[in-house]
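Chemist: Contents of protein04.pdb (PDB, C-alpha atoms):
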```pdb
ATOM      1  CA  MET F  14      -9.396   5.091   3.729
ATOM      2  CA  LYS F  15      -7.494   4.294   0.577
ATOM      3  CA  ILE F  16      -5.476   1.088   0.504
ATOM      4  CA  ASP F  17      -2.026   1.559  -0.989
ATOM      5  CA  ASN F  18      -1.121  -1.772  -2.598
ATOM      6  CA  ASN F  19       2.580  -0.854  -2.662
ATOM      7  CA  LYS F  20       2.626  -0.326   1.091
ATOM      8  CA  VAL F  21       0.775  -3.596   1.683
ATOM      9  CA  ASN F  22       3.250  -5.398  -0.580
ATOM     10  CA  ASP F  23       6.152  -3.855   1.356
ATOM     11  CA  LEU F  24       4.524  -4.883   4.643
ATOM     12  CA  LEU F  25       4.098  -8.485   3.484
ATOM     13  CA  THR F  26       7.705  -8.582   2.306
ATOM     14  CA  ALA F  27       8.892  -7.241   5.666
ATOM     15  CA  ILE F  28       6.894  -9.892   7.495
ATOM     16  CA  VAL F  29       8.421 -12.672   5.414
ATOM     17  CA  ARG F  30      11.925 -11.326   5.989
ATOM     18  CA  LYS F  31      11.377 -11.424   9.738
ATOM     19  CA  THR F  32      10.110 -15.019   9.778
ATOM     20  CA  ASP F  33      12.600 -17.766  10.452
ATOM     21  CA  VAL F  34      13.598 -20.151   7.690
ATOM     22  CA  HIS F  35      14.244 -23.532   9.204
ATOM     23  CA  ALA F  36      16.857 -25.825   7.714
ATOM     24  CA  PRO F  37      15.709 -29.405   8.262
ATOM     25  CA  LYS F  38      18.310 -32.165   8.204
ATOM     26  CA  VAL F  39      18.159 -34.621   5.309
ATOM     27  CA  ASP F  40      19.834 -38.022   5.424
ATOM     28  CA  ALA F  41      21.827 -39.132   2.399
ATOM     29  CA  GLN F  42      24.163 -42.037   1.657
ATOM     30  CA  THR F  43      27.856 -41.376   1.105
ATOM     31  CA  LYS F  44      30.055 -43.455  -1.223
ATOM     32  CA  ASN F  45      31.071 -45.837   1.556
ATOM     33  CA  GLY F  46      27.492 -46.480   2.642
ATOM     34  CA  GLN F  47      27.566 -44.357   5.775
ATOM     35  CA  GLU F  48      24.810 -41.889   6.327
ATOM     36  CA  ALA F  49      25.706 -38.257   5.819
ATOM     37  CA  ILE F  50      23.626 -35.327   6.951
ATOM     38  CA  ARG F  51      23.046 -32.442   4.608
ATOM     39  CA  ASP F  52      21.138 -29.258   5.169
ATOM     40  CA  LYS F  53      18.168 -28.475   3.022
ATOM     41  CA  VAL F  54      16.412 -25.112   3.095
ATOM     42  CA  GLU F  55      12.832 -24.872   1.900
ATOM     43  CA  ILE F  56      11.541 -21.369   1.248
ATOM     44  CA  SER F  57       9.258 -22.068  -1.692
ATOM     45  CA  THR F  58       6.227 -22.459   0.588
ATOM     46  CA  LYS F  59       6.715 -19.007   2.112
ATOM     47  CA  ASN F  60       7.416 -17.531  -1.305
ATOM     48  CA  GLU F  61       4.182 -19.023  -2.642
ATOM     49  CA  LEU F  62       2.277 -17.705   0.371
ATOM     50  CA  VAL F  63       3.578 -14.175  -0.127
ATOM     51  CA  SER F  64       2.933 -14.361  -3.845
ATOM     52  CA  ASN F  65      -0.666 -15.476  -3.241
ATOM     53  CA  LEU F  66      -1.208 -12.718  -0.670
ATOM     54  CA  VAL F  67       0.212 -10.078  -3.002
ATOM     55  CA  ASP F  68      -2.060 -11.295  -5.818
ATOM     56  CA  LYS F  69      -5.093 -11.087  -3.529
ATOM     57  CA  VAL F  70      -4.172  -7.583  -2.361
ATOM     58  CA  LYS F  71      -3.766  -6.408  -5.950
ATOM     59  CA  LYS F  72      -7.323  -7.604  -6.701
ATOM     60  CA  VAL F  73      -8.819  -5.550  -3.861
ATOM     61  CA  PRO F  74     -10.202  -2.270  -5.190
ATOM     62  CA  ASP F  75      -8.725   0.921  -3.757
ATOM     63  CA  VAL F  76     -12.221   2.230  -2.997
ATOM     64  CA  ARG F  77     -15.247   0.132  -2.079
ATOM     65  CA  GLN F  78     -17.899   2.000  -4.042
ATOM     66  CA  GLU F  79     -20.878   0.282  -2.369
ATOM     67  CA  LYS F  80     -19.676   1.385   1.076
ATOM     68  CA  VAL F  81     -18.995   4.935  -0.142
ATOM     69  CA  GLN F  82     -22.520   5.095  -1.550
ATOM     70  CA  MET F  83     -24.052   3.860   1.726
ATOM     71  CA  ILE F  84     -22.149   6.488   3.714
ATOM     72  CA  LYS F  85     -23.098   9.274   1.281
ATOM     73  CA  GLU F  86     -26.764   8.371   1.608
ATOM     74  CA  ALA F  87     -26.540   8.277   5.414
ATOM     75  CA  VAL F  88     -24.834  11.709   5.467
ATOM     76  CA  LEU F  89     -27.498  13.206   3.200
ATOM     77  CA  LYS F  90     -30.248  11.831   5.464
ATOM     78  CA  GLY F  91     -28.457  13.083   8.582
ATOM     79  CA  GLU F  92     -28.201   9.522   9.887
ATOM     80  CA  TYR F  93     -24.404   9.103   9.722
ATOM     81  CA  LYS F  94     -22.905   8.859  13.186
ATOM     82  CA  THR F  95     -19.205   8.579  13.953
ATOM     83  CA  ASP F  96     -17.414   7.194  16.973
ATOM     84  CA  ALA F  97     -14.563   9.588  17.789
ATOM     85  CA  GLN F  98     -12.564   6.902  19.611
ATOM     86  CA  ASN F  99     -12.889   4.506  16.691
ATOM     87  CA  VAL F 100     -11.763   7.208  14.242
ATOM     88  CA  ALA F 101      -8.763   8.056  16.434
ATOM     89  CA  ARG F 102      -7.861   4.378  16.819
ATOM     90  CA  ASN F 103      -7.927   3.839  13.050
ATOM     91  CA  LEU F 104      -5.859   6.961  12.388
ATOM     92  CA  LEU F 105      -3.227   5.783  14.869
ATOM     93  CA  ARG F 106      -3.246   2.254  13.408
ATOM     94  CA  GLU F 107      -2.756   3.631   9.896
ATOM     95  CA  GLY F 108       0.082   5.851  11.120
ATOM     96  CA  ILE F 109       1.795   2.900  12.784
ATOM     97  CA  ILE F 110       1.504   0.772   9.637
ATOM     98  CA  ASN F 111       2.942   3.623   7.559
ATOM     99  CA  GLU F 112       5.891   3.833   9.959
ATOM    100  CA  ILE F 113       6.563   0.098   9.683
ATOM    101  CA  VAL F 114       6.462   0.137   5.906
TER
END
```
Can the structure from this file be put into structure tokens for me?
Modeler:
Amino acid sequence: MKIDNNKVNDLLTAIVRKTDVHAPKVDAQTKNGQEAIRDKVEISTKNELVSNLVDKVKKVPDVRQEKVQMIKEAVLKGEYKTDAQNVARNLLREGIINEIV
């Protein structure tokens, strides 16, 4: 299965959009010495998280050559067995992810 970095990036962006951004209250002093409450929104942490995840995804190769080689050798030897339910499950999972993105 080939990993499409653009689709993964879109998926990560969609996840971040759906997460709540909390606005904690911050106390501050007004001119007359009374405490005032101001809102402060912090999204830099989530932005950094997404940025780090996107960087990691971009570093993942589209094809894992060592795994491809192992499977080729097993097929040539007649030792490669597949689990039909597992294949179906993965195809459905990939289809669902493609629908989300």
Chemist: Interatomic distance between CA of Thr26 in chain F and CA of Leu62 in chain F?
Modeler: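 The value is 10.8 Å.
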Chemist: CA of Lys72 in chain F and CA of Asn60 in chain F, how far apart in Å?
Modeler: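 Taking CA of Asn60 in chain F as the start and CA of Lys72 in chain F as the end point, the length is 18.6 Å.
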Chemist: Mind pulling up the distance from CA of Ile109 in chain F to CA of Gln82 in chain F?
Modeler: 28.3 Å
Chemist: Would you pick out the contacts of Ile110 in chain F at 9 Å or less, using only C-alpha atoms, so that residues sharing its chain but fewer than 4 positions from it are not included, and give the list as an mmCIF file with C-alpha atoms, keeping the file's coordinate frame?
Modeler:
```cif
data_model
loop_
_atom_site.group_PDB
_atom_site.id
_atom_site.type_symbol
_atom_site.label_atom_id
_atom_site.label_comp_id
_atom_site.auth_asym_id
_atom_site.auth_seq_id
_atom_site.Cartn_x
_atom_site.Cartn_y
_atom_site.Cartn_z
ATOM 1 C CA LYS F 20 2.626 -0.326 1.091
ATOM 2 C CA LEU F 24 4.524 -4.883 4.643
ATOM 3 C CA LEU F 105 -3.227 5.783 14.869
ATOM 4 C CA ARG F 106 -3.246 2.254 13.408
ATOM 5 C CA VAL F 114 6.462 0.137 5.906
#
```
